[in-house]
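Chemist: Compact mmCIF, C-alpha atoms and all ligand atoms, saved as my_file_33.txt, coming up:
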```
# COMPACT_ATOMS: atom_id res chain seq x y z
CA MET J 1 -25.17 5.83 -28.35
CA LYS J 2 -27.17 8.87 -27.37
CA ASP J 3 -28.78 7.98 -24.06
CA ASN J 4 -28.18 10.46 -21.26
CA LEU J 5 -26.94 12.85 -23.91
CA ALA J 6 -28.01 16.39 -24.60
CA TYR J 7 -26.92 18.84 -27.24
CA ALA J 8 -26.47 22.54 -26.77
CA THR J 9 -25.88 25.27 -29.28
CA THR J 10 -26.85 28.55 -30.79
CA SER J 11 -25.68 32.08 -30.81
CA ALA J 12 -25.27 34.15 -27.68
CA SER J 13 -23.44 33.37 -24.50
CA ALA J 14 -26.25 32.40 -22.17
CA VAL J 15 -27.44 29.63 -19.94
CA SER J 16 -30.66 27.69 -19.93
CA SER J 17 -31.84 24.63 -18.07
CA ASP J 18 -34.35 23.42 -20.64
CA ALA J 19 -32.62 20.56 -22.48
CA ASP J 20 -35.81 19.75 -24.49
CA ASP J 21 -35.42 22.86 -26.68
CA ALA J 22 -31.83 22.10 -27.72
CA PRO J 23 -31.28 21.71 -31.49
CA ASP J 24 -28.51 19.58 -33.02
CA LEU J 25 -25.05 21.04 -33.46
CA PRO J 26 -25.03 23.07 -36.71
CA PRO J 27 -23.14 20.94 -39.29
CA LYS J 28 -22.19 23.87 -41.55
CA GLU J 29 -20.46 25.89 -38.85
CA PHE J 30 -16.94 24.65 -39.62
CA LEU J 31 -17.34 25.49 -43.33
CA ARG J 32 -18.73 28.94 -42.56
CA ASP J 33 -16.00 29.76 -40.02
CA LEU J 34 -13.17 28.44 -42.19
CA LYS J 35 -14.30 30.42 -45.25
CA ARG J 36 -14.68 33.57 -43.16
CA GLY J 37 -11.32 33.02 -41.46
CA LEU J 38 -9.46 32.39 -44.72
CA ALA J 39 -10.89 35.60 -46.22
CA ARG J 40 -9.32 37.76 -43.50
CA PRO J 41 -6.01 39.62 -43.96
CA GLN J 42 -4.53 37.44 -41.17
CA LYS J 43 -6.03 34.05 -41.93
CA ILE J 44 -7.48 32.50 -38.79
CA ILE J 45 -9.52 29.53 -37.54
CA SER J 46 -10.81 28.81 -34.03
CA PRO J 47 -8.85 26.18 -32.07
CA LYS J 48 -12.13 24.43 -31.27
CA TYR J 49 -11.86 22.85 -34.74
CA PHE J 50 -8.75 20.90 -33.71
CA TYR J 51 -10.96 18.58 -31.73
CA ASP J 52 -12.44 15.76 -33.75
CA ALA J 53 -11.69 12.17 -32.63
CA GLN J 54 -8.19 12.34 -34.15
CA GLY J 55 -7.48 15.78 -32.65
CA SER J 56 -8.61 14.67 -29.21
CA SER J 57 -6.38 11.63 -29.30
CA LEU J 58 -3.44 13.76 -30.49
CA PHE J 59 -4.11 16.09 -27.55
CA ASP J 60 -3.96 13.09 -25.21
CA ARG J 61 -0.54 12.27 -26.66
CA ILE J 62 0.58 15.87 -26.11
CA CYS J 63 -0.38 15.53 -22.43
CA ASP J 64 2.10 12.64 -22.08
CA LEU J 65 5.04 14.42 -23.75
CA PRO J 66 8.07 15.17 -21.57
CA GLU J 67 8.08 18.82 -22.72
CA TYR J 68 4.39 19.40 -21.94
CA TYR J 69 4.55 20.35 -18.25
CA PRO J 70 0.94 21.67 -17.80
CA THR J 71 -0.84 18.31 -17.53
CA ARG J 72 1.52 16.64 -15.07
CA THR J 73 1.83 19.85 -13.02
CA GLU J 74 -1.93 20.31 -12.74
CA MET J 75 -2.35 16.61 -11.91
CA ALA J 76 0.27 16.91 -9.17
CA ILE J 77 -1.50 19.96 -7.68
CA LEU J 78 -4.79 18.07 -7.76
CA HIS J 79 -3.32 14.96 -6.10
CA LYS J 80 -1.67 17.06 -3.41
CA HIS J 81 -4.78 19.06 -2.50
CA ALA J 82 -7.66 16.76 -3.48
CA ARG J 83 -8.74 16.06 0.10
CA GLU J 84 -8.78 19.72 1.04
CA ILE J 85 -10.67 20.64 -2.14
CA ALA J 86 -13.14 17.80 -1.55
CA LEU J 87 -13.83 19.06 1.97
CA HIS J 88 -14.55 22.54 0.55
CA ILE J 89 -16.97 21.02 -1.96
CA GLY J 90 -18.86 18.83 0.52
CA PRO J 91 -21.06 15.75 -0.02
CA HIS J 92 -23.41 14.89 -2.93
CA ALA J 93 -21.85 17.40 -5.31
CA GLU J 94 -22.64 17.76 -8.99
CA ILE J 95 -19.53 18.36 -11.15
CA ILE J 96 -19.90 20.11 -14.49
CA GLU J 97 -16.68 19.93 -16.48
CA PHE J 98 -16.07 22.30 -19.39
CA GLY J 99 -13.92 20.73 -22.15
CA SER J 100 -13.66 17.40 -20.36
CA GLY J 101 -11.36 15.65 -22.87
CA SER J 102 -10.36 12.23 -21.51
CA MET J 103 -11.73 12.99 -18.02
CA ASP J 104 -8.51 11.97 -16.25
CA LYS J 105 -8.20 14.99 -13.96
CA VAL J 106 -11.76 14.85 -12.64
CA ARG J 107 -11.11 11.32 -11.37
CA VAL J 108 -8.67 12.72 -8.81
CA LEU J 109 -11.47 14.96 -7.50
CA LEU J 110 -14.14 12.26 -7.65
CA ASP J 111 -11.94 9.82 -5.75
CA ALA J 112 -11.60 12.33 -2.92
CA LEU J 113 -15.24 13.48 -2.84
CA ASP J 114 -17.91 12.30 -0.42
CA ARG J 115 -20.61 10.53 -2.49
CA PRO J 116 -20.55 12.78 -5.59
CA ARG J 117 -24.02 12.74 -7.18
CA ARG J 118 -23.74 13.67 -10.83
CA TYR J 119 -21.01 14.35 -13.38
CA VAL J 120 -21.79 16.42 -16.50
CA PRO J 121 -18.81 16.43 -18.88
CA ILE J 122 -19.21 18.98 -21.69
CA ASP J 123 -17.14 18.71 -24.85
CA ILE J 124 -17.33 19.50 -28.54
CA SER J 125 -15.52 16.29 -29.58
CA GLU J 126 -18.47 13.90 -29.68
CA SER J 127 -17.07 10.38 -30.00
CA HIS J 128 -14.19 11.09 -27.63
CA LEU J 129 -16.68 12.49 -25.09
CA LEU J 130 -19.03 9.51 -25.34
CA ASP J 131 -16.24 6.94 -25.08
CA ALA J 132 -14.74 8.67 -22.05
CA ALA J 133 -18.19 9.02 -20.43
CA GLN J 134 -18.78 5.29 -20.87
CA ARG J 135 -15.47 4.55 -19.13
CA MET J 136 -16.57 6.85 -16.29
CA ARG J 137 -19.87 4.97 -15.89
CA LEU J 138 -17.96 1.72 -15.54
CA ALA J 139 -15.41 3.19 -13.12
CA TYR J 140 -18.01 5.05 -10.97
CA PRO J 141 -21.22 3.00 -10.98
CA ALA J 142 -22.87 5.11 -8.25
CA LEU J 143 -22.30 8.34 -10.19
CA GLU J 144 -24.85 9.72 -12.67
CA VAL J 145 -22.82 10.54 -15.80
CA GLU J 146 -24.58 12.87 -18.27
CA PRO J 147 -22.34 13.88 -21.17
CA LEU J 148 -23.28 17.01 -23.05
CA VAL J 149 -22.06 17.47 -26.63
CA ALA J 150 -21.81 21.23 -26.85
CA ASP J 151 -19.80 24.22 -27.94
CA TYR J 152 -19.52 25.99 -24.62
CA THR J 153 -18.88 29.31 -26.36
CA GLN J 154 -22.53 29.19 -27.45
CA VAL J 155 -25.69 28.83 -25.35
CA LEU J 156 -25.18 26.24 -22.67
CA VAL J 157 -28.20 24.07 -22.06
CA LEU J 158 -27.45 22.31 -18.82
CA PRO J 159 -29.48 19.38 -17.54
CA PRO J 160 -32.25 20.68 -15.27
CA ASP J 161 -31.20 21.58 -11.76
CA GLU J 162 -32.59 18.88 -9.51
CA PRO J 163 -33.69 19.59 -5.93
CA PRO J 164 -30.38 20.72 -4.44
CA GLN J 165 -28.62 17.96 -2.56
CA GLY J 166 -25.05 19.14 -2.80
CA ARG J 167 -23.02 21.90 -4.35
CA ARG J 168 -23.06 22.54 -8.12
CA MET J 169 -19.35 22.71 -9.01
CA GLY J 170 -17.78 23.76 -12.28
CA PHE J 171 -14.42 22.27 -13.23
CA PHE J 172 -12.41 23.92 -16.01
CA PRO J 173 -8.87 22.50 -16.02
CA GLY J 174 -6.16 22.32 -18.70
CA SER J 175 -5.77 26.11 -19.04
CA THR J 176 -8.37 25.90 -21.79
CA LEU J 177 -9.49 29.38 -20.66
CA GLY J 178 -6.22 30.57 -22.23
CA ASN J 179 -7.57 29.66 -25.68
CA PHE J 180 -10.18 32.42 -25.42
CA GLU J 181 -9.49 36.00 -26.47
CA PRO J 182 -9.62 38.16 -23.31
CA GLN J 183 -13.11 39.58 -24.05
CA ASP J 184 -14.40 36.07 -24.79
CA ALA J 185 -12.83 34.73 -21.60
CA LEU J 186 -14.80 37.35 -19.68
CA LEU J 187 -18.04 36.44 -21.49
CA PHE J 188 -17.47 32.75 -20.83
CA MET J 189 -16.70 33.34 -17.15
CA GLN J 190 -19.87 35.46 -16.83
CA THR J 191 -21.89 32.64 -18.37
CA CYS J 192 -20.23 30.19 -16.03
CA ALA J 193 -20.94 32.31 -12.95
CA LYS J 194 -24.64 32.32 -13.90
CA ALA J 195 -24.72 28.59 -14.63
CA LEU J 196 -23.08 27.80 -11.30
CA ALA J 197 -24.99 30.36 -9.21
CA GLY J 198 -24.71 29.39 -5.57
CA GLY J 199 -21.91 26.93 -6.36
CA ALA J 200 -18.30 27.41 -7.36
CA LEU J 201 -15.75 26.90 -10.13
CA ILE J 202 -12.37 25.22 -9.91
CA LEU J 203 -10.29 26.78 -12.66
CA GLY J 204 -6.89 25.44 -13.76
CA VAL J 205 -4.64 27.91 -15.59
CA ASP J 206 -1.09 28.16 -16.85
CA LEU J 207 0.95 31.02 -15.37
CA VAL J 208 3.30 33.49 -17.10
CA LYS J 209 6.78 31.96 -17.05
CA ASN J 210 10.16 31.63 -18.75
CA PRO J 211 9.48 31.66 -22.53
CA ASP J 212 12.04 28.86 -23.07
CA LEU J 213 9.85 26.43 -21.11
CA LEU J 214 6.82 27.54 -23.09
CA HIS J 215 8.62 27.25 -26.40
CA ALA J 216 9.68 23.68 -25.63
CA ALA J 217 6.17 22.70 -24.53
CA TYR J 218 4.61 23.78 -27.85
CA ASN J 219 7.48 22.55 -30.09
CA ASP J 220 7.99 18.98 -28.91
CA ALA J 221 10.77 16.88 -30.38
CA GLN J 222 8.42 14.13 -31.60
CA GLY J 223 6.31 16.57 -33.60
CA VAL J 224 3.01 15.58 -31.96
CA THR J 225 1.99 19.23 -31.48
CA ALA J 226 2.77 19.84 -35.15
CA ASP J 227 0.43 16.95 -36.11
CA PHE J 228 -2.22 18.32 -33.75
CA ASN J 229 -1.89 21.75 -35.39
CA ARG J 230 -2.14 20.31 -38.93
CA ASN J 231 -5.14 18.19 -37.92
CA VAL J 232 -7.41 21.16 -38.58
CA LEU J 233 -6.39 20.98 -42.27
CA VAL J 234 -6.75 17.18 -42.35
CA ARG J 235 -10.21 17.60 -40.90
CA ALA J 236 -11.14 20.33 -43.42
CA ASN J 237 -10.08 18.07 -46.29
CA ARG J 238 -12.06 15.12 -44.94
CA GLU J 239 -15.21 16.88 -43.72
CA LEU J 240 -15.45 19.81 -46.14
CA GLY J 241 -13.69 18.45 -49.24
CA ALA J 242 -11.06 21.21 -48.94
CA SER J 243 -7.81 20.86 -50.90
CA PHE J 244 -5.09 21.67 -48.34
CA GLN J 245 -1.72 20.09 -49.25
CA ILE J 246 -0.92 19.12 -45.67
CA ASP J 247 2.84 18.80 -46.19
CA GLN J 248 2.98 22.35 -47.54
CA PHE J 249 2.07 23.82 -44.14
CA ALA J 250 4.70 23.98 -41.38
CA HIS J 251 3.97 24.11 -37.66
CA SER J 252 5.02 27.33 -35.93
CA ALA J 253 4.57 28.13 -32.22
CA PHE J 254 6.17 31.07 -30.41
CA TYR J 255 5.69 33.21 -27.33
CA ASN J 256 4.28 36.66 -28.03
CA ALA J 257 5.56 38.43 -24.92
CA PRO J 258 3.53 41.69 -25.14
CA TYR J 259 0.33 39.64 -25.30
CA GLN J 260 1.55 36.99 -22.81
CA ARG J 261 0.44 34.22 -25.13
CA ILE J 262 1.74 31.32 -27.17
CA GLU J 263 0.62 31.65 -30.77
CA MET J 264 0.28 28.64 -33.03
CA HIS J 265 0.26 29.08 -36.79
CA LEU J 266 0.48 26.96 -39.92
CA VAL J 267 2.97 28.52 -42.31
CA SER J 268 2.51 28.06 -46.04
CA THR J 269 5.88 26.81 -47.33
CA CYS J 270 5.15 27.97 -50.89
CA GLN J 271 2.76 30.09 -52.90
CA GLN J 272 -0.41 28.05 -53.27
CA THR J 273 -4.16 28.13 -53.74
CA VAL J 274 -6.61 26.17 -51.62
CA SER J 275 -10.25 25.51 -52.40
CA VAL J 276 -12.86 25.27 -49.64
CA GLY J 277 -16.57 24.88 -50.28
CA GLY J 278 -16.48 26.34 -53.81
CA ALA J 279 -14.24 29.31 -52.91
CA THR J 280 -10.50 29.62 -53.49
CA PHE J 281 -7.97 31.20 -51.16
CA ARG J 282 -4.44 32.21 -52.02
CA PHE J 283 -1.51 31.72 -49.65
CA SER J 284 1.78 33.44 -50.40
CA GLU J 285 5.01 31.74 -49.30
CA GLY J 286 5.45 32.34 -45.55
CA GLU J 287 1.85 33.46 -45.03
CA THR J 288 0.20 31.90 -41.98
CA LEU J 289 -3.09 30.52 -40.83
CA HIS J 290 -3.36 31.47 -37.14
CA THR J 291 -4.77 28.41 -35.38
CA GLU J 292 -4.50 29.00 -31.64
CA ASN J 293 -3.62 31.41 -28.87
CA SER J 294 -2.78 30.10 -25.45
CA TYR J 295 -2.78 33.02 -23.03
CA LYS J 296 -0.73 32.75 -19.85
CA PHE J 297 -2.00 34.38 -16.67
CA THR J 298 -0.86 36.18 -13.54
CA LEU J 299 -2.67 35.69 -10.25
CA ASP J 300 -3.56 39.34 -10.17
CA GLY J 301 -4.98 39.23 -13.71
CA LEU J 302 -7.00 36.12 -12.87
CA HIS J 303 -8.50 37.70 -9.77
CA GLN J 304 -9.52 40.77 -11.75
CA LEU J 305 -11.08 38.62 -14.47
CA ALA J 306 -12.97 36.52 -11.91
CA LEU J 307 -14.28 39.58 -10.09
CA ARG J 308 -15.41 41.24 -13.33
CA ALA J 309 -17.24 38.01 -14.26
CA GLY J 310 -19.13 38.00 -10.97
CA PHE J 311 -17.12 35.38 -9.08
CA THR J 312 -15.63 35.80 -5.62
CA PRO J 313 -12.08 34.43 -5.64
CA GLY J 314 -11.25 32.02 -2.83
CA GLN J 315 -8.21 29.90 -2.20
CA ASN J 316 -5.62 29.02 -4.84
CA TRP J 317 -3.18 26.13 -5.12
CA ILE J 318 0.10 26.60 -7.02
CA ASP J 319 3.07 24.25 -7.59
CA SER J 320 6.41 25.12 -5.99
CA ASP J 321 7.88 26.29 -9.34
CA HIS J 322 4.98 28.72 -9.78
CA THR J 323 4.08 27.12 -13.08
CA PHE J 324 0.38 26.36 -12.87
CA CYS J 325 -2.49 27.43 -10.65
CA LEU J 326 -5.81 26.01 -9.49
CA LEU J 327 -8.27 28.61 -8.27
CA TRP J 328 -11.45 28.29 -6.27
CA LEU J 329 -14.05 30.83 -7.42
CA ASP J 330 -17.39 31.19 -5.65
CA ALA J 331 -20.42 31.92 -7.85
CA PRO J 332 -22.85 34.02 -5.82
CA PRO J 333 -26.50 32.90 -5.83
CA SER J 334 -28.46 34.44 -8.70
CA ARG J 335 -30.67 37.38 -7.71
CA SER J 336 -33.85 35.51 -8.61
CA HIS J 337 -32.94 32.76 -6.16
CA ALA J 338 -31.41 34.96 -3.48
C1 LIG J 401 -6.85 21.78 -23.99
S1 LIG J 401 -7.98 20.44 -24.02
C2 LIG J 401 -8.17 20.11 -22.27
C3 LIG J 401 -8.72 18.76 -21.98
C4 LIG J 401 -8.84 18.41 -20.49
N1 LIG J 401 -9.81 19.29 -19.83
C5 LIG J 401 -7.52 18.53 -19.80
O1 LIG J 401 -7.40 19.35 -18.91
O2 LIG J 401 -6.60 17.78 -20.15
C6 LIG J 401 -9.49 21.31 -24.42
C7 LIG J 401 -10.74 20.44 -24.38
O3 LIG J 401 -11.86 21.30 -24.57
C8 LIG J 401 -12.65 20.84 -25.66
N2 LIG J 401 -13.13 22.04 -26.35
C9 LIG J 401 -12.40 22.96 -27.03
N3 LIG J 401 -13.18 23.95 -27.46
C10 LIG J 401 -14.44 23.65 -27.04
C11 LIG J 401 -15.70 24.30 -27.18
N4 LIG J 401 -15.82 25.46 -27.83
N5 LIG J 401 -16.79 23.73 -26.62
C12 LIG J 401 -16.69 22.54 -25.95
N6 LIG J 401 -15.51 21.88 -25.79
C13 LIG J 401 -14.40 22.43 -26.33
C14 LIG J 401 -11.74 20.00 -26.52
O4 LIG J 401 -12.46 19.04 -27.27
C15 LIG J 401 -10.81 19.39 -25.47
O5 LIG J 401 -11.33 18.19 -24.96
```
For this file, write the structure as structure tokens.
Modeler:
Amino acid sequence: MKDNLAYATTSASAVSSDADDAPDLPPKEFLRDLKRGLARPQKIISPKYFYDAQGSSLFDRICDLPEYYPTRTEMAILHKHAREIALHIGPHAEIIEFGSGSMDKVRVLLDALDRPRRYVPIDISESHLLDAAQRMRLAYPALEVEPLVADYTQVLVLPPDEPPQGRRMGFFPGSTLGNFEPQDALLFMQTCAKALAGGALILGVDLVKNPDLLHAAYNDAQGVTADFNRNVLVRANRELGASFQIDQFAHSAFYNAPYQRIEMHLVSTCQQTVSVGGATFRFSEGETLHTENSYKFTLDGLHQLALRAGFTPGQNWIDSDHTFCLLWLDAPPSRSHA
């Protein structure tokens, strides 16, 4: 089902409003990135490749785990302040969500908003996005729902800006910003500030905290995070014909305090060779494939990042344990429209 659907891709971080020029998502990108990543001294793959249909549904299960505090904490902040946030946003708003996943959090906002006009969920996980968008259409019949299958680290081709009726709002929850390297987070935020010019962004981020809490959240007792981590290998075997022996890679997640980030790795439990797309890669015992960073933030660091990206920080909403933060960031009007 591809009605109301646009694709966005290519190479630099930029924004365009011309959906007609958008090519399909490049199918060979995973193969290229995996081969490049496996050839590096520290083997690495982008966490965006976790998210096929299976990865997205594993992430949904993570969100329900008792150890995984971020989802329920962010939801609680949203529920508590939804009315106030909705008043800030005003009537007839357009919500653009980056990495929309199952679209549960945005419902709290939509339920509080005055006649929201359009919802544009953007996600790389196509079937999960389209299924969730269909559920949104049924739940909010008056809302225009326009899913966008896109890698938001590439060019973002947003649906054309219609004659302004309400505010253009970005919504980026789930602390997904923490999966970017700091320089990429800045680039993304700059792109966002341009895309939302004259509007604002609501950003949800995980704060620096006791490493024990973090360790538990990324090493759950049921092993769902471990399955999520290994899903990138399962996906490589299925989509690229790679030869990863899944049970010979152990999940490892730990807090790297100097970098203020959780690191996830897959540890080779023996010496082994893996073939991917005609090339072979050797793993020694204990060698890792680095699959994800999840940076944690301080309020001060966030404000600096937002200012450098061109946003003007507004109000923030934090839970009483100082675990998670929602920030309002104004995107000044672009110069050409000012
Ligand atoms: C950590 S989950 C957060 C999901 C949801 N926003 C939440 O708060 O629960 C990250 C989401 O971003 C999507 N995603 C990850 N990398 C992406 C990329 N480069 N471009 C578009 N979507 C991406 C994933 O498919 C997933 O739905």
Chemist: Calculate how many Å separate atom CA of J:Thr312 from atom CA of J:Val145, rounding to one decimal.
Modeler: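 Atom-to-atom, atom CA of J:Thr312 and atom CA of J:Val145 are spaced 28.2 Å apart.
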Chemist: Using only C-alpha atoms for the distances, tell me which of J:Phe249, J:Tyr295, J:Phe171, J:Phe283 is nearest to J:Leu233.
Modeler: J:Phe249
Chemist: Please return as a list in words the residues found within 6 Å of ligand LIG 401 (chain J), counting only C-alpha atoms and all ligand atoms.
Modeler: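 Going residue by residue within 6 Å of ligand LIG 401 (chain J), we get Lys48, Tyr51, Gly99, Ser100, Gly101, Asp123, Ile124, Ser125, Ala150, Asp151, Tyr152, Thr153, Pro173, Gly174 and Thr176 of chain J.
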Chemist: What is the atom CA of J:Asn231-atom CA of J:Phe50 distance in Å, reported with one decimal?
Modeler: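 That distance, rounded to one decimal, is 6.2 Å.
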Chemist: Report as a PyMOL selection string all protein, DNA and RNA residues lying within 12 Å of J:His88, evaluated on only C-alpha atoms, omitting residues in the same chain fewer than 2 positions from it.
Modeler: chain J and resi 81-86+90-91+93+109+112-114+166-167+169+199-202+314-315+328-330
Chemist: Grab the residues selected above and save them as a JSON list (two decimals), keeping the file's coordinate frame with C-alpha atoms.
Modeler:
```json
[["chain", "number", "residue", "atom", "x", "y", "z"],
["J", 81, "HIS", "CA", -4.78, 19.06, -2.50],
["J", 82, "ALA", "CA", -7.66, 16.76, -3.48],
["J", 83, "ARG", "CA", -8.74, 16.06, 0.10],
["J", 84, "GLU", "CA", -8.78, 19.72, 1.04],
["J", 85, "ILE", "CA", -10.67, 20.64, -2.14],
["J", 86, "ALA", "CA", -13.14, 17.80, -1.55],
["J", 90, "GLY", "CA", -18.86, 18.83, 0.52],
["J", 91, "PRO", "CA", -21.06, 15.75, -0.02],
["J", 93, "ALA", "CA", -21.85, 17.40, -5.31],
["J", 109, "LEU", "CA", -11.47, 14.96, -7.50],
["J", 112, "ALA", "CA", -11.60, 12.33, -2.92],
["J", 113, "LEU", "CA", -15.24, 13.48, -2.84],
["J", 114, "ASP", "CA", -17.91, 12.30, -0.42],
["J", 166, "GLY", "CA", -25.05, 19.14, -2.80],
["J", 167, "ARG", "CA", -23.02, 21.90, -4.35],
["J", 169, "MET", "CA", -19.35, 22.71, -9.01],
["J", 199, "GLY", "CA", -21.91, 26.93, -6.36],
["J", 200, "ALA", "CA", -18.30, 27.41, -7.36],
["J", 201, "LEU", "CA", -15.75, 26.90, -10.13],
["J", 202, "ILE", "CA", -12.37, 25.22, -9.91],
["J", 314, "GLY", "CA", -11.25, 32.02, -2.83],
["J", 315, "GLN", "CA", -8.21, 29.90, -2.20],
["J", 328, "TRP", "CA", -11.45, 28.29, -6.27],
["J", 329, "LEU", "CA", -14.05, 30.83, -7.42],
["J", 330, "ASP", "CA", -17.39, 31.19, -5.65]]
```
Chemist: Work out how far atom CA of J:Ala193 is from atom CA of J:Pro116, in Å to one decimal.
Modeler: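 Atom-to-atom, atom CA of J:Pro116 and atom CA of J:Ala193 are spaced 20.9 Å apart.
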Chemist: Which neighbours of J:Pro147 fall inside 12 Å, counting all atoms listed in the file, when residues of the same chain fewer than 3 positions from it are skipped, and could you give them as a ChimeraX atom specification?
Modeler: /J:1-8,95-101,103,118-137,144,150,157-159
Chemist: I need the residue nearest J:Ala257 from this list: J:Ala139, J:Leu214, J:Val224, J:Leu327. Use only C-alpha atoms for the distance.
Modeler: J:Leu214
Chemist: With distances taken over only C-alpha atoms, which residue among J:Lys105, J:Gly241, J:Gln165, J:Leu143 lies nearest J:Arg72?
Modeler: J:Lys105
Chemist: Hey, what's within 12 Å of J:Val205 if we count only C-alpha atoms and toss same-chain stuff fewer than 6 positions away? As an MDAnalysis selection string, please?
Modeler: chainID J and resid 70:71 73:74 77 171:179 294:299 301:302 316:319 322:328
Chemist: Determine the nearest neighbour of J:Ala242 from the options J:Lys209, J:Lys35, J:Lys28, J:His79, counting all atoms listed in the file.
Modeler: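 When distances to J:Ala242 are compared using all atoms listed in the file, the smallest one comes from J:Lys35.
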Chemist: Which residue, J:Leu34, J:His303, J:Pro141, J:Asn219, has the smallest gap to J:Pro47 when you use all atoms listed in the file?
Modeler: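 Among the listed residues, J:Leu34 lies closest to J:Pro47.
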Chemist: Which residue is closest to J:Tyr69? Choose from J:Asp184, J:Asp33, J:Asp111, J:Asp220 and count all atoms listed in the file.
Modeler: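 Looking at the shortest contact to J:Tyr69, the residue is J:Asp220.
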Chemist: From the structure just shown, export stretch 208-213 of chain J with all heavy atoms as an mmCIF file, in the first residue's frame.
Modeler:
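So part_39.cif came out as:
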```cif
data_model
loop_
_atom_site.group_PDB
_atom_site.id
_atom_site.type_symbol
_atom_site.label_atom_id
_atom_site.label_comp_id
_atom_site.auth_asym_id
_atom_site.auth_seq_id
_atom_site.Cartn_x
_atom_site.Cartn_y
_atom_site.Cartn_z
ATOM 1 N N VAL J 208 21.799 11.888 31.748
ATOM 2 C CA VAL J 208 22.895 11.201 32.442
ATOM 3 C C VAL J 208 22.383 10.778 33.822
ATOM 4 O O VAL J 208 21.705 11.555 34.497
ATOM 5 C CB VAL J 208 24.107 12.161 32.587
ATOM 6 C CG1 VAL J 208 25.160 11.576 33.518
ATOM 7 C CG2 VAL J 208 24.705 12.462 31.217
ATOM 8 N N LYS J 209 22.687 9.541 34.205
ATOM 9 C CA LYS J 209 22.146 9.036 35.485
ATOM 10 C C LYS J 209 23.023 7.923 36.039
ATOM 11 O O LYS J 209 24.059 7.583 35.437
ATOM 12 C CB LYS J 209 20.717 8.544 35.297
ATOM 13 C CG LYS J 209 20.611 7.402 34.281
ATOM 14 C CD LYS J 209 19.223 6.903 34.103
ATOM 15 C CE LYS J 209 18.247 7.953 33.648
ATOM 16 N NZ LYS J 209 18.577 8.528 32.320
ATOM 17 N N ASN J 210 22.578 7.336 37.129
ATOM 18 C CA ASN J 210 23.275 6.216 37.759
ATOM 19 C C ASN J 210 23.498 5.080 36.745
ATOM 20 O O ASN J 210 22.538 4.529 36.203
ATOM 21 C CB ASN J 210 22.398 5.724 38.929
ATOM 22 C CG ASN J 210 23.049 4.585 39.689
ATOM 23 O OD1 ASN J 210 23.910 3.878 39.165
ATOM 24 N ND2 ASN J 210 22.632 4.409 40.934
ATOM 25 N N PRO J 211 24.761 4.691 36.513
ATOM 26 C CA PRO J 211 25.043 3.648 35.516
ATOM 27 C C PRO J 211 24.342 2.318 35.806
ATOM 28 O O PRO J 211 24.082 1.557 34.877
ATOM 29 C CB PRO J 211 26.567 3.485 35.592
ATOM 30 C CG PRO J 211 27.065 4.768 36.141
ATOM 31 C CD PRO J 211 25.993 5.300 37.056
ATOM 32 N N ASP J 212 24.019 2.039 37.075
ATOM 33 C CA ASP J 212 23.348 0.761 37.375
ATOM 34 C C ASP J 212 21.975 0.686 36.698
ATOM 35 O O ASP J 212 21.574 -0.353 36.179
ATOM 36 C CB ASP J 212 23.155 0.586 38.893
ATOM 37 C CG ASP J 212 24.490 0.378 39.587
ATOM 38 O OD1 ASP J 212 25.481 0.078 38.883
ATOM 39 O OD2 ASP J 212 24.542 0.546 40.822
ATOM 40 N N LEU J 213 21.262 1.823 36.739
ATOM 41 C CA LEU J 213 19.942 1.880 36.083
ATOM 42 C C LEU J 213 20.088 1.658 34.585
ATOM 43 O O LEU J 213 19.288 0.950 33.954
ATOM 44 C CB LEU J 213 19.343 3.268 36.284
ATOM 45 C CG LEU J 213 18.191 3.461 37.249
ATOM 46 C CD1 LEU J 213 17.751 4.921 37.231
ATOM 47 C CD2 LEU J 213 17.028 2.562 36.856
#
```
